[in-house]
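Visitor: My structure is in data04.pdb, and what it holds is PDB, C-alpha atoms:
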ATOM      1  CA  LYS X   1      63.565  28.655  76.893
ATOM      2  CA  SER X   2      61.098  31.090  75.363
ATOM      3  CA  MET X   3      63.250  34.083  76.301
ATOM      4  CA  GLN X   4      66.339  32.445  74.800
ATOM      5  CA  LYS X   5      64.490  31.531  71.606
ATOM      6  CA  ALA X   6      62.877  34.960  71.264
ATOM      7  CA  GLY X   7      66.239  36.622  71.879
ATOM      8  CA  GLU X   8      67.952  34.520  69.210
ATOM      9  CA  GLU X   9      65.255  35.009  66.578
ATOM     10  CA  ASN X  10      64.815  38.716  67.174
ATOM     11  CA  GLN X  11      68.542  39.401  67.399
ATOM     12  CA  LYS X  12      68.999  37.906  63.924
ATOM     13  CA  MET X  13      66.055  39.861  62.550
ATOM     14  CA  PHE X  14      67.164  43.211  63.997
ATOM     15  CA  ALA X  15      70.765  42.644  62.925
ATOM     16  CA  LYS X  16      69.616  42.074  59.333
ATOM     17  CA  VAL X  17      67.940  45.483  59.228
ATOM     18  CA  GLY X  18      70.844  47.217  60.978
ATOM     19  CA  ASP X  19      69.082  47.932  64.277
ATOM     20  CA  THR X  20      72.066  47.465  66.570
ATOM     21  CA  VAL X  21      70.234  48.852  69.616
ATOM     22  CA  ALA X  22      67.444  46.257  69.370
ATOM     23  CA  SER X  23      69.985  43.564  68.520
ATOM     24  CA  ASN X  24      71.947  44.438  71.681
ATOM     25  CA  LEU X  25      68.749  44.336  73.741
ATOM     26  CA  MET X  26      68.105  40.837  72.415
ATOM     27  CA  GLN X  27      71.629  39.860  73.464
ATOM     28  CA  ARG X  28      70.777  41.044  76.984
ATOM     29  CA  ALA X  29      67.641  38.885  76.861
ATOM     30  CA  LYS X  30      69.731  35.861  75.889
ATOM     31  CA  ILE X  31      72.173  36.519  78.730
ATOM     32  CA  PHE X  32      69.333  36.829  81.223
ATOM     33  CA  ALA X  33      67.774  33.630  79.856
ATOM     34  CA  GLY X  34      71.085  31.934  80.669
ATOM     35  CA  GLU X  35      70.954  33.330  84.207
ATOM     36  CA  LEU X  36      67.419  31.967  84.609
ATOM     37  CA  LYS X  37      68.460  28.583  83.284
ATOM     38  CA  GLY X  38      71.520  28.463  85.560
ATOM     39  CA  ALA X  39      69.442  29.279  88.639
ATOM     40  CA  ALA X  40      66.865  26.629  87.723
ATOM     41  CA  GLU X  41      69.547  23.993  87.100
ATOM     42  CA  ALA X  42      71.228  24.745  90.438
ATOM     43  CA  ALA X  43      67.882  24.378  92.215
ATOM     44  CA  GLU X  44      67.224  21.108  90.396
ATOM     45  CA  LYS X  45      70.625  19.712  91.456
ATOM     46  CA  ILE X  46      69.992  20.411  95.119
ATOM     47  CA  ALA X  47      66.471  18.949  94.841
ATOM     48  CA  ILE X  48      67.915  15.725  93.396
ATOM     49  CA  LYS X  49      70.509  15.631  96.168
ATOM     50  CA  ILE X  50      67.800  16.031  98.822
ATOM     51  CA  GLU X  51      65.686  13.336  97.161
ATOM     52  CA  ASN X  52      68.658  10.933  97.114
ATOM     53  CA  ASN X  53      69.336  11.574 100.808
ATOM     54  CA  ILE X  54      65.700  10.854 101.624
ATOM     55  CA  LYS X  55      65.855   7.578  99.672
ATOM     56  CA  ALA X  56      69.069   6.631 101.476
ATOM     57  CA  SER X  57      67.534   7.436 104.865
ATOM     58  CA  ASN X  58      64.541   5.204 104.075
ATOM     59  CA  LYS X  59      66.933   2.274 103.676
ATOM     60  CA  LEU X  60      68.229   2.624 107.248
ATOM     61  CA  LYS X  61      66.603   0.005 109.431
ATOM     62  CA  ASP X  62      68.475  -1.159 112.516
ATOM     63  CA  PHE X  63      69.697   1.740 114.656
ATOM     64  CA  THR X  64      71.241  -0.632 117.186
ATOM     65  CA  GLU X  65      74.090  -1.184 114.696
ATOM     66  CA  PRO X  66      76.833   1.479 114.949
ATOM     67  CA  LYS X  67      77.316   1.566 111.136
ATOM     68  CA  GLN X  68      73.637   2.414 110.639
ATOM     69  CA  VAL X  69      73.797   5.119 113.295
ATOM     70  CA  THR X  70      76.901   6.623 111.645
ATOM     71  CA  LYS X  71      75.197   6.558 108.223
ATOM     72  CA  ALA X  72      72.134   8.221 109.740
ATOM     73  CA  GLU X  73      74.270  10.939 111.334
ATOM     74  CA  ARG X  74      76.079  11.637 108.026
ATOM     75  CA  LEU X  75      72.745  11.781 106.222
ATOM     76  CA  MET X  76      71.318  14.194 108.793
ATOM     77  CA  GLU X  77      74.389  16.431 108.442
ATOM     78  CA  ALA X  78      74.050  16.348 104.651
ATOM     79  CA  MET X  79      70.340  17.133 104.897
ATOM     80  CA  VAL X  80      71.005  20.164 107.116
ATOM     81  CA  ASP X  81      73.594  21.421 104.605
ATOM     82  CA  ASP X  82      71.226  20.747 101.703
ATOM     83  CA  ALA X  83      68.362  22.518 103.469
ATOM     84  CA  ASP X  84      70.555  25.595 103.987
ATOM     85  CA  ALA X  85      71.712  25.509 100.368
ATOM     86  CA  SER X  86      68.180  25.014  99.084
ATOM     87  CA  GLU X  87      66.918  28.004 101.059
ATOM     88  CA  GLU X  88      69.552  30.251  99.475
ATOM     89  CA  LEU X  89      68.779  28.823  96.032
ATOM     90  CA  ARG X  90      65.014  29.231  96.481
ATOM     91  CA  GLU X  91      65.499  32.875  97.369
ATOM     92  CA  ALA X  92      67.884  33.458  94.446
ATOM     93  CA  LEU X  93      65.673  31.603  91.975
ATOM     94  CA  GLY X  94      62.581  33.416  93.223
ATOM     95  CA  SER X  95      64.307  36.777  92.746
ATOM     96  CA  VAL X  96      65.430  35.943  89.222
ATOM     97  CA  ILE X  97      62.001  34.607  88.237
ATOM     98  CA  ALA X  98      60.303  37.692  89.693
ATOM     99  CA  LEU X  99      62.460  39.873  87.436
ATOM    100  CA  ALA X 100      61.473  37.915  84.324
ATOM    101  CA  LYS X 101      57.798  37.431  85.094
ATOM    102  CA  PRO X 102      55.499  40.220  83.998
ATOM    103  CA  GLN X 103      53.853  42.062  86.860
ATOM    104  CA  PRO X 104      50.182  43.026  86.905
ATOM    105  CA  THR X 105      49.336  45.083  83.840
ATOM    106  CA  HIS X 106      47.603  48.419  84.187
ATOM    107  CA  LEU X 107      45.517  48.964  81.082
ATOM    108  CA  GLY X 108      46.507  52.152  79.306
ATOM    109  CA  ALA X 109      49.877  52.405  81.080
ATOM    110  CA  ALA X 110      51.652  52.741  77.715
ATOM    111  CA  ASN X 111      49.599  55.847  76.927
ATOM    112  CA  GLN X 112      51.933  57.905  79.097
ATOM    113  CA  TYR X 113      54.791  57.209  76.660
ATOM    114  CA  ASN X 114      55.201  58.707  73.199
ATOM    115  CA  PRO X 115      57.571  57.766  70.400
ATOM    116  CA  ILE X 116      60.430  60.229  69.993
ATOM    117  CA  MET X 117      59.051  61.247  66.602
ATOM    118  CA  TYR X 118      55.952  62.592  68.391
ATOM    119  CA  PHE X 119      58.145  65.473  69.488
ATOM    120  CA  ILE X 120      60.206  65.773  66.298
ATOM    121  CA  ASP X 121      58.058  65.088  63.231
ATOM    122  CA  LYS X 122      54.604  63.548  63.608
ATOM    123  CA  THR X 123      54.612  62.352  59.976
ATOM    124  CA  PHE X 124      57.002  59.592  61.147
ATOM    125  CA  LEU X 125      54.932  58.471  64.138
ATOM    126  CA  THR X 126      54.267  55.014  62.675
ATOM    127  CA  THR X 127      57.903  54.443  61.702
ATOM    128  CA  MET X 128      59.507  51.745  63.852
ATOM    129  CA  GLN X 129      61.947  53.130  66.391
ATOM    130  CA  THR X 130      64.229  51.588  68.966
ATOM    131  CA  GLY X 131      65.223  53.600  71.975
ATOM    132  CA  GLY X 132      68.709  53.143  73.299
ATOM    133  CA  GLY X 133      69.985  54.305  76.617
ATOM    134  CA  GLU X 134      70.206  53.053  80.138
ATOM    135  CA  VAL X 135      68.238  49.850  80.686
ATOM    136  CA  VAL X 136      65.909  49.955  83.688
ATOM    137  CA  ASP X 137      65.984  46.263  84.641
ATOM    138  CA  LYS X 138      66.136  42.734  83.265
ATOM    139  CA  PRO X 139      64.270  41.804  80.056
ATOM    140  CA  LEU X 140      60.615  40.789  80.247
ATOM    141  CA  VAL X 141      58.965  38.083  78.175
ATOM    142  CA  GLY X 142      55.324  37.554  77.345
ATOM    143  CA  THR X 143      54.010  40.999  78.048
ATOM    144  CA  SER X 144      52.298  43.781  76.126
ATOM    145  CA  MET X 145      53.254  47.431  75.759
ATOM    146  CA  ASP X 146      50.983  48.158  78.737
ATOM    147  CA  GLY X 147      52.730  45.367  80.670
ATOM    148  CA  CYS X 148      56.133  46.791  79.857
ATOM    149  CA  ALA X 149      55.024  50.300  80.806
ATOM    150  CA  SER X 150      53.518  48.954  84.032
ATOM    151  CA  ALA X 151      56.859  47.369  84.923
ATOM    152  CA  CYS X 152      58.582  50.724  84.469
TER     153      CYS X 152
END
Translate the structure of the given file into structure tokens.
Guide:
Amino acid sequence: KSMQKAGEENQKMFAKVGDTVASNLMQRAKIFAGELKGAAEAAEKIAIKIENNIKASNKLKDFTEPKQVTKAERLMEAMVDDADASEELREALGSVIALAKPQPTHLGAANQYNPIMYFIDKTFLTTMQTGGGEVVDKPLVGTSMDGCASAC
């Protein structure tokens, strides 16, 4: 939610000042926030399904009755399918979360980067700049300049 909200707010702000590059980066953040949300919702659905199957299995009592045995077999089949699906979802969700979560920050990592104006005209060093170009990976949230540089 924080990535979506930050993307929305910052996209509006950058669009107002005509920074289309930053605005487009915020759009990418919003798209990735949607991917995160979709992966989390899919994992939640399978978790609810597994929980419901467990509750249903707890209601089975008399395995001498053929109907109970058949219900138990169907539940076991469903649980095997759900376990397989949940494993795939856990891996997918873990991968998506790992992309969004800041990695360990190395203090001073941002010092290896200079604004473009450092090389052009140092009188404009403090002027805000947005770099366009090929994006390295998915957007990060909740990190510092050192955290961002560490991720690169």
Visitor: Step by step, work through what the PyMOL selection byres ((chain X and resi 3-17) around 7) selects in the shown file, and finish by giving those residues as an MDAnalysis selection string.
Guide: chainID X and resid 1:2 18:20 22:23 26:27 29:30 33 141
Visitor: Using the chain letters and numbering of this document, enumerate as a ChimeraX atom specification the residues selected by the PyMOL selection byres ((chain X and resi 92) around 12).
Guide: /X:35-36,38-40,42-43,85-91,93-99
Visitor: To one decimal place, how far is CA of Tyr118 (chain X) from CA of Gly147 (chain X) in Å?
Guide: 21.4 Å
Visitor: Suppose you want the space between CA of Ala151 (chain X) and CA of Leu25 (chain X); what is it in Å?
Guide: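 Taking CA of Ala151 (chain X) as the start and CA of Leu25 (chain X) as the end point, the length is 16.6 Å.
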Visitor: Rounded to one decimal in Å, what is the spacing between CA of Gly108 (chain X) and CA of Cys152 (chain X)?
Guide: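 That distance, rounded to one decimal, is 13.2 Å.
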Visitor: Which residue gives the smallest distance to Ser150 (chain X) among X:Ile31, X:Ile116, X:Leu107, X:Val135, with all atoms listed in the file counted?
Guide: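 Closest residue, counting all atoms listed in the file: X:Leu107.
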Visitor: Applying the PyMOL selection byres ((chain X and resi 129-131) around 7) to the file I just gave you, which residues come out? Please list them as a JSON list (two decimals) with C-alpha atoms, in the frame of the given file.
Guide:
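Ended up saving to part.json:
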[["chain", "number", "residue", "atom", "x", "y", "z"],
["X", 21, "VAL", "CA", 70.23, 48.85, 69.62],
["X", 22, "ALA", "CA", 67.44, 46.26, 69.37],
["X", 127, "THR", "CA", 57.90, 54.44, 61.70],
["X", 128, "MET", "CA", 59.51, 51.74, 63.85],
["X", 132, "GLY", "CA", 68.71, 53.14, 73.30],
["X", 133, "GLY", "CA", 69.98, 54.30, 76.62]]
Visitor: Which residues come within 12 Å of Ile54 (chain X), counting all atoms listed in the file, excluding same-chain residues fewer than 6 positions away, as a PyMOL selection string?
Guide: chain X and resi 47-48+60+72+75-76+78-79+82
Visitor: Using only C-alpha atoms, find the one residue out of X:Ala56, X:Val69, X:Leu140, X:Met145 that sits nearest to Ala100 (chain X).
Guide: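 Selected residue with least distance to Ala100 (chain X): X:Leu140.
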